[in-house]
Amino acid sequence: MKQTLLSFSFRKKKNQKLLSLLFFFAFTMICWGQDIVINGKVTDSNSKQPIPGVNIVVKGTTIGDATDFDGNFSLTVPSKQSVLVISYIGFITQEITVGDTNFFTIELIEDAAQLDEVVVTALGIKKETKSLGYAVQEVKGESMVKAREPNVINSLTGKVAGLTIRNSTDLFADPSISLRGGTPLIVIDGIPSTDNDYWKLNADDIAEISVLKGATASALYGSIGRSGALMITTKRGENGVTRVDYNTSAMFQPSYIRIPNVQTTYGNGDNGSYAYVNGGGGGTEGGGWIWGPKLDQLDPSTPSGFNEVVQYNSPIDPNTGNRIPIPFISRGKDNVKNFFDTGLIYTNNISVSGGNDKGNFRVTTSHIYQKGVAPNTGLNNSSFGVSGGYNLMEKLKVDASLTYNKQYTKNFPQTGYGPHNQLYNLVLWTGVDVDVRDLRDYWAEGQEGVQQKHFNTSWYNNPYFIAYEALQGYYKDNTYGNLNINYDPTEDFTVNFRTGFNSSTTNRDWKEPQSIIGYGSLSKGDYFLNSSTSFSLNADLIASYTKEINEDLKLNASVGASTRYWDNRNLSLRTDGLTIPDYYNTANSINPLKGSNWYGKELVNSIYTTLDVEFLQALYLGITGRQDWVSTLPVKNNNFFYPSVSFSAVLSDLVDFGDPISFVKLRGSWANVSDGRTGSTYSHLTAYNNGISWNNNSSLNYPSTLLNDNINPETSDTYEVGLDIRFFKSRLKLDATYYSIKETNNIVTVPISITSGFGSRLINGNEYARKGVEFIVAGTPIKSDDFRWDIATNWSSSHRTLESVYDGSDRIGNIKVGSRTDQIYSTPYLKTPGGQLIYGSNGFPLNDTFSRRRGYSDANWVYGFQNTFTYKDFSLNVAFDGRLGGIIYSTTNQKMWWSGTHPGTVNEHREAANNGVDSFIGPGVVVVGGDVEYDIFGNITNDTRVYAPNTTKINYISWNKNTSNAVFDHYYSQSFLKLREVMLTYNIPEKYTSALNIDKASISFVGRNLALWSDLPNVDPDSGFDNLQTPSTRNIGFNLNVSF
Amino acid sequence: MKNIKLLYSLILLFTLGSCTNFDDFQIDPNRTTKGDPSLLLTGIQISAFNIVSTDAAFASRQMVNVEHNNTYQLYGWQRSGFGTYNNLRQVLKMEEEATLAGKTAYAALGKFFRSYFIMDLTRTFGDVPYSEALKGSTDEPIFTAKYDKQEDIYIGILDELDEANSMLATETGTISGDLIYDGDLSKWRKAINALSLRILITLSKKEGNSNVGVVSRFNAIVNNPSQYPIFTSNDDNTALPYYDLDGNEYPYFNSNQIKTNYYMDESFINHLKDREDPRLFAFAQREENGANLPEDDFNAYGGLPGSDLASANSARVSQGEGSLIAERYYNDPVNEPSIAIGYAEVQFILAEAAARGWTSGDASEHYQNGIRASMEFYNIDSAAINMYLSNPQIVYNASQGIEMIITQKYLSFFMNSGWEAFYNQRRTGFPEFSTDGPGILNDGMIPKRWMYPESEIQSNRENLEAAISSQYPNGDTVNGDMWLLKNE
């Protein structure tokens, strides 16, 4: 089979043009003379099972092969004296001289303490894990291809200690990604990709993601690597393996783990009454509230037998011209089900790859289609990529890749609390007397194209009108690639040149139909256009020298230079009203077009050096240094140096710890990284801002921040220590890290008294410290011939505190020196020292006059559990993750109490209020005597207050409309546990696949986002904030993966 | 070797690429460093005069909010902000740019706007930074400005305005970017003097203070019209017009709140109904219960009591009671200009000064001029105006002179002149604002000021504490009496 697939091997074509090599390697492969052909099979000495992917290399050459799925390999060796080196991670490497044998049966012996794992480190340099003095964690690409998420970053959730992914439920919304509190740099095949476009990466093309956690790990990237890096290595063709991979997934979103659960007892209106007038919302329409009459009330005096009310869809009496009352019933109980669709993420990828001892290639194409739960929303994401490497000569290798990616949608939903959000209109602010199905024909009769139909046209939009007329389009083309040339003039000396670019063009548009409303706006129809192009180029030239002085002392030194250039052009245009409705063109503007544009460019030039020393094959020292010149600071202060030192000691290679300890490594590092940005490209330069234009007179205003010519780069010092200890022949592994990041000389805008004319000034100052711990425990509790259970868990905790203030004071705003910077302050209702609400004489709670700390926004712990159960050809993955601690303000819950849609509002007080009775007594006290004095920060200095229980009865509807139920302050715990993934995979046995000429195939049943345990109602806390999020869906589907 | 050549050429390319001049990156192509004073003037005028505020209408018993218990309406407010200093920064920059460009005419406008904004700050809080303010970018910057005594502030801004008036008398330069008077400096002189008159009448409790010399300053202006020209008609109003252009519309254009949640106050409606004031039809819509009556029937209109709870008022609305504001306020993007200082107000000031015996003017005549000017602003025909002026309730009666003048001034301030209606009531007690409803806060008292902003506690604490302790024995509360409100 292999031979037939290899049939596209070609004859020598030595003079093939170099350029074409980059892209068409595959079809220009060269085969050397075919001296001796050998074959063989590699198996595990323990289980006797074949091992796929084992490397077999002819020693001293680049000739080699990897075993296929059945452990078979085939190789052409130059002579009988050739020595085969057979290596595989986790097994002891063997060397065999070819001799006269031409079929080899090789059994590899598992090496429990074998740790020659290799990871990709900064600048794409592969290093042995054990030599590293800093924390690195690797995620294999294959763990992300079966259980599909719309975005590969989502797939990292819970897998890496210290990496916090906050997943948004909104379609096409970026996950928030935080590594030890900062945003890590994304590096694709060694080229930094600072655009943070997570959508251009396709999981099918990723071989592995190496997470470099600290500044030490990524110090060589300079300031952009200050918060660590995600090093993404894309797949390459493998030597001797030619194959076609096909991967398809369909994930459906049939149900929700969180959706606002609204009451269906009371309808639209206010004070228990409602009568439609004209949709203006005022008067008897009740101001848009859902504090209306009780639904489904029997009334024998009406034709229907139900209480009848004039409604927006009341028929008009032809005689009087008045609207005829119709039953006020809960016809819209299933509005959510009736409006939202089943979402879908449909992923297809096909790739062809191959390689021989001279080179390799891979071509890949994929398409991801996502259908949103809201009607008429979706997202398409297509990629096409080629990559390959070629050994031009024995000492000169070239590797390149080029990817084109297109993201496009004619409409994805607008999110966030407000009248453009469908959930806002459908669930939060519509009583169920309105059936959304009646709104499907969304134009008012006789006013098609001009006026939407809705029960309230001042405050709300018809959800279907938004879905089909208010369209948000997005069209982005990404092209990115890299070229890597490696030249080894001597065995010790290597010169590497690498360059790469990221280029993108984004076109966006917003169609605003006539009659759509916003807060205080009623559209005359508008069209918004935005176009942005971005380009970045990176180039590195590195020379390294490796010297093995003796077995116990090895050196590697390198010097390099690099440049990074970035520019961006942005243009926005918008109409001011549309003359002809539904004709979306800038030529159709009523008033002059409005527009703005932006251009910016940045440059960083650098030189750097590294030195790695290995001593006694167990002690490793790494030193790096880098000097940057940046364009984002005044020229006189624009350059700075940052060093790092790291150290690793594999103690178990020096001392025999004896059973059960199989491996002990200690690591430690320090890095000093500076950053020369004041915020954005030009924010260090003083200039006027463009102000509002009035009757076509433009205006300027002078910014509120006082800048500073002497601003210097800011610096962070990162210290890290770690312990990697393994037991029971590495069946149990523990990795612990402690780090401390001291941020000094920060470039900060500090608040100053606005009476100076400026609200803030830019200075170097303030000192912060971030301290954190990370733990990883991984093990294989059960391992038998047929069954295996692997479990891994990771836990991390990290907090940032204010250490000192630039002017020596003890606080910045509300944050005191020594306390955490993620404190949330707001002005609550006034409470007694015991925490009871204090009411005014009118029966409503009083406001505090000082802002108070409500809690912390960061979690105390971020954790994840991954389990893999393997039984024969089946494997089952079960993953949990979550966060503990931290608070979140829930807009959704607050608005539900406020609007009258919260199920908690259905009680006797609401009923009383509907009947005009003030029955509700807010829980808490009133002050009946004494006084309280505060110091200037609001701390109580003297308190003689005497309290009595609050006894004033108030209107329950008014209570909620005024306080959104003051008993809750709508800060909720962010803690949650989520069943992130359950995936059952069946690897189809060879006996079936071979009949179909298939190498391997698997089918998986996948569930993601399956269950949530959290104290936060109605909202999924995963995203870390709530401003009326899209309902959180349960994703269920399957994956089929075939290689042939 | 071909391959080596490729490598060399790439290295060469790389080396060339890195030779870049960093100076090229030190210019922001998106923003200008050349701030023409005219462009700053435009922005300053927008922030100074785009001041139509329903909050002021709530606090002045002109409108009520039925959505929630509004703190302005129920007198439960606490702190206000120092954002006005941002406007003062623009004034400072306008003056600097004008000096650099030799455009002297802007200097007098700078003094006008500084006085205008500082006046707004000091009447809100009491003492505020003035003499040391706006010195954050000087060679010896002051980041924690001391608070000046309100007395010194008023003297300072009156002197500045006097100076501005004199400067324009001899000014030969021109200004542009002027949204109000289209560069007519003679009108700016009138506006400067109108502001002086407003400030002086604000100091009516300070007749006996010789440092200020309120009466003599007032007379210096009104007795010398050639040196101190003042407004002579509504054409002279310091007023910002609105346009049917995105972002230039009337501030409540399309406002859902004003359409559905804000209703007319009962006392305000009654002031108009009792006097059969035709401005009612320009201000309000008929209530739902009066929808079948003609538009010019006073009985078709009704208000809601401002000191009641929102729940009670919204229940009344559900029963069809309560007039909404006239539709033009939310349906017409142009509606009416935002008057900051109007001819009517100046006439009422002159009437009050005469009534107080400061001047020898005819209080009745100025009073009538003020009413006529206000009604003409709403395009009320002269027959209706004359009829109104002949109404015995309206005819000037010197024994109730101040009350009648201030009440008419109050009616003329509906949805214009910022917070003037409230501040005039604070000074004179006219008209009475109801505080007897069950919704009222602050122990039934109308606040006299706002507490200082929390940001000053954080960034200018010592000066703030000194200012509080020297002015307010009971600390920084909304009920403290500032210098301005103490008789002397």
# chains A, B, ... in the order shown; residues from 1 in each chain; ligands from 1
$ residues_around --residues "Ile339 in chain B" --least-positions-apart "6" --cutoff "8 Å" --atoms "only C-alpha atoms" --output "PDB file with N, CA and C atoms, in the first residue's frame"
ATOM      1  N   PHE B  49     -22.301  75.527  26.050  1.00  0.00           N
ATOM      2  CA  PHE B  49     -23.678  75.954  25.788  1.00  0.00           C
ATOM      3  C   PHE B  49     -24.638  74.815  25.454  1.00  0.00           C
ATOM      4  N   ASN B 237     -29.152  86.590  22.025  1.00  0.00           N
ATOM      5  CA  ASN B 237     -29.017  85.468  22.969  1.00  0.00           C
ATOM      6  C   ASN B 237     -27.726  84.687  22.754  1.00  0.00           C
ATOM      7  N   THR B 238     -27.098  84.353  23.852  1.00  0.00           N
ATOM      8  CA  THR B 238     -25.987  83.406  23.785  1.00  0.00           C
ATOM      9  C   THR B 238     -26.634  82.021  23.732  1.00  0.00           C
ATOM     10  N   ALA B 239     -26.785  81.494  22.529  1.00  0.00           N
ATOM     11  CA  ALA B 239     -27.575  80.268  22.364  1.00  0.00           C
ATOM     12  C   ALA B 239     -26.953  79.398  21.274  1.00  0.00           C
ATOM     13  N   LEU B 240     -26.896  78.137  21.551  1.00  0.00           N
ATOM     14  CA  LEU B 240     -26.316  77.185  20.595  1.00  0.00           C
ATOM     15  C   LEU B 240     -27.438  76.562  19.766  1.00  0.00           C
ATOM     16  N   ASN B 416     -33.989  75.507  29.316  1.00  0.00           N
ATOM     17  CA  ASN B 416     -32.854  76.295  28.836  1.00  0.00           C
ATOM     18  C   ASN B 416     -32.116  76.909  30.013  1.00  0.00           C
ATOM     19  N   SER B 417     -30.993  77.552  29.715  1.00  0.00           N
ATOM     20  CA  SER B 417     -30.171  78.243  30.713  1.00  0.00           C
ATOM     21  C   SER B 417     -29.679  77.327  31.833  1.00  0.00           C
TER      22      SER B 417
END
$ residues_around --residues "range 475-483 of chain B" --least-positions-apart "4" --cutoff "8 Å" --atoms "only C-alpha atoms" --output "list in words"
Trp77, Gln78, Phe125, Gly126, Gln150, Glu151, Met445, Ile446, Pro447, Lys448, Arg449, Trp450, Met451, Tyr452, Ile468, Ser469 and Gln471 of chain B
$ write_last_selection --atoms "C-alpha atoms" --output "PDB file, in the first residue's frame"
ATOM      1  CA  TRP B  77     -28.265  63.999  45.480  1.00  0.00           C
ATOM      2  CA  GLN B  78     -24.787  63.810  46.951  1.00  0.00           C
ATOM      3  CA  PHE B 125     -19.605  73.532  45.502  1.00  0.00           C
ATOM      4  CA  GLY B 126     -18.467  76.736  47.218  1.00  0.00           C
ATOM      5  CA  GLN B 150     -15.677  82.034  46.974  1.00  0.00           C
ATOM      6  CA  GLU B 151     -15.550  85.761  47.609  1.00  0.00           C
ATOM      7  CA  MET B 445     -34.724  69.937  52.707  1.00  0.00           C
ATOM      8  CA  ILE B 446     -33.759  71.194  49.289  1.00  0.00           C
ATOM      9  CA  PRO B 447     -29.998  70.727  49.009  1.00  0.00           C
ATOM     10  CA  LYS B 448     -28.004  73.914  48.721  1.00  0.00           C
ATOM     11  CA  ARG B 449     -24.981  72.520  47.036  1.00  0.00           C
ATOM     12  CA  TRP B 450     -23.212  69.372  45.950  1.00  0.00           C
ATOM     13  CA  MET B 451     -20.509  67.514  47.838  1.00  0.00           C
ATOM     14  CA  TYR B 452     -17.009  67.703  46.423  1.00  0.00           C
ATOM     15  CA  ILE B 468     -14.279  72.032  53.785  1.00  0.00           C
ATOM     16  CA  SER B 469     -13.293  72.994  57.303  1.00  0.00           C
ATOM     17  CA  GLN B 471     -16.579  76.750  54.922  1.00  0.00           C
TER      18      GLN B 471
END
$ select_by_dssp --residues "range 235-392 of chain A" --states "alpha helix (DSSP H)" --output "number ranges by chain"
A: 335-339
$ closest_residue --among "A:Thr121, A:Asn745, A:Asn950, A:Ser704" --to "Leu134 in chain B" --atoms "only C-alpha atoms"
A:Ser704
$ closest_residue --among "B:Ser455, B:Gln227, B:Asn292, B:Ser115" --to "chain A" --atoms "only C-alpha atoms"
B:Ser455
$ closest_residue --among "A:Ser851, A:Asn507, A:Asn102, A:Ser544" --to "chain B" --atoms "only C-alpha atoms"
A:Ser851
$ atom_distance --atom1 "CA of His420 in chain A" --atom2 "CA of Glu512 in chain A"
10.2 Å
$ closest_atom_pairs --of "range 222-317 of chain A" --to "range 75-97 of chain A" --cutoff "12 Å" --atoms "only C-alpha atoms" --output "JSON lines"
{"residue": "A:Asn239", "atom": "CA", "partner": "A:Leu75", "partner_atom": "CA", "distance": 10.3}
{"residue": "A:Gly240", "atom": "CA", "partner": "A:Leu75", "partner_atom": "CA", "distance": 8.0}
{"residue": "A:Val241", "atom": "CA", "partner": "A:Leu75", "partner_atom": "CA", "distance": 11.1}
$ write_last_selection --atoms "C-alpha atoms" --output "PDB file, in the first residue's frame"
ATOM      1  CA  ASN A 239       9.966  11.468   6.484  1.00  0.00           C
ATOM      2  CA  GLY A 240       8.880   8.345   4.685  1.00  0.00           C
ATOM      3  CA  VAL A 241       5.205   8.724   5.424  1.00  0.00           C
TER       4      VAL A 241
END
$ select_by_dssp --residues "range 857-915 of chain A" --states "strand (DSSP E)" --output "PDB file with C-alpha atoms, in the first residue's frame"
ATOM      1  CA  TRP A 861      -7.721  29.195  41.743  1.00  0.00           C
ATOM      2  CA  VAL A 862      -8.041  28.168  38.149  1.00  0.00           C
ATOM      3  CA  TYR A 863      -8.137  24.441  37.705  1.00  0.00           C
ATOM      4  CA  GLY A 864      -8.633  21.656  35.220  1.00  0.00           C
ATOM      5  CA  PHE A 865      -8.891  17.885  35.199  1.00  0.00           C
ATOM      6  CA  GLN A 866      -8.238  15.705  32.185  1.00  0.00           C
ATOM      7  CA  ASN A 867      -9.000  12.001  32.194  1.00  0.00           C
ATOM      8  CA  THR A 868      -8.360   9.531  29.454  1.00  0.00           C
ATOM      9  CA  PHE A 869      -9.624   5.988  29.719  1.00  0.00           C
ATOM     10  CA  THR A 870      -8.386   3.605  27.070  1.00  0.00           C
ATOM     11  CA  TYR A 871      -9.834   0.184  26.600  1.00  0.00           C
ATOM     12  CA  PHE A 874     -11.920   2.637  22.692  1.00  0.00           C
ATOM     13  CA  SER A 875     -10.868   5.729  24.485  1.00  0.00           C
ATOM     14  CA  LEU A 876     -12.902   8.034  26.636  1.00  0.00           C
ATOM     15  CA  ASN A 877     -11.859  11.573  27.505  1.00  0.00           C
ATOM     16  CA  VAL A 878     -13.534  13.382  30.333  1.00  0.00           C
ATOM     17  CA  ALA A 879     -12.453  16.889  31.177  1.00  0.00           C
ATOM     18  CA  PHE A 880     -13.584  19.231  33.914  1.00  0.00           C
ATOM     19  CA  ASP A 881     -12.357  22.692  34.623  1.00  0.00           C
ATOM     20  CA  GLY A 882     -13.343  25.844  36.359  1.00  0.00           C
ATOM     21  CA  ARG A 883     -12.362  28.638  38.614  1.00  0.00           C
ATOM     22  CA  LEU A 884     -12.736  29.252  42.329  1.00  0.00           C
ATOM     23  CA  ILE A 887     -16.824  38.063  41.784  1.00  0.00           C
ATOM     24  CA  ILE A 888     -18.706  39.118  38.723  1.00  0.00           C
ATOM     25  CA  TYR A 889     -21.314  41.825  38.213  1.00  0.00           C
TER      26      TYR A 889
END
$ atom_distance --atom1 "CA of Val645 in chain A" --atom2 "CA of Ala215 in chain A"
10.9 Å
$ closest_residue --among "B:Leu441, B:Val222, B:Ala398, B:Ala373" --to "chain A" --atoms "only C-alpha atoms"
B:Leu441
$ residues_around --residues "Thr71 in chain B" --least-positions-apart "2" --cutoff "10 Å" --atoms "only C-alpha atoms" --output "PDB file with C-alpha atoms, in the first residue's frame"
ATOM      1  CA  ASP B  55     -31.986  66.887  35.632  1.00  0.00           C
ATOM      2  CA  PHE B  58     -36.434  67.611  37.863  1.00  0.00           C
ATOM      3  CA  ALA B  59     -34.660  69.614  40.548  1.00  0.00           C
ATOM      4  CA  ASN B  65     -39.472  61.072  36.392  1.00  0.00           C
ATOM      5  CA  HIS B  68     -37.542  55.587  39.292  1.00  0.00           C
ATOM      6  CA  ASN B  69     -37.239  57.742  42.371  1.00  0.00           C
ATOM      7  CA  GLN B  73     -36.410  65.379  41.888  1.00  0.00           C
ATOM      8  CA  LEU B  74     -36.460  64.040  45.434  1.00  0.00           C
ATOM      9  CA  TYR B  75     -33.469  66.082  46.584  1.00  0.00           C
ATOM     10  CA  GLY B  76     -31.367  63.074  47.435  1.00  0.00           C
ATOM     11  CA  TRP B  77     -28.265  63.999  45.480  1.00  0.00           C
ATOM     12  CA  GLN B  78     -24.787  63.810  46.951  1.00  0.00           C
ATOM     13  CA  GLY B 439     -40.869  60.414  48.161  1.00  0.00           C
ATOM     14  CA  ILE B 440     -38.837  63.313  49.454  1.00  0.00           C
ATOM     15  CA  LEU B 441     -35.322  62.697  50.687  1.00  0.00           C
ATOM     16  CA  ASN B 442     -32.734  64.773  52.582  1.00  0.00           C
TER      17      ASN B 442
END
$ residues_around --residues "range 496-499 of chain A" --least-positions-apart "2" --cutoff "8 Å" --atoms "only C-alpha atoms" --output "VMD selection string"
(chain A and resid 191 482 to 487 494 501 537 to 543) or (chain B and resid 11)
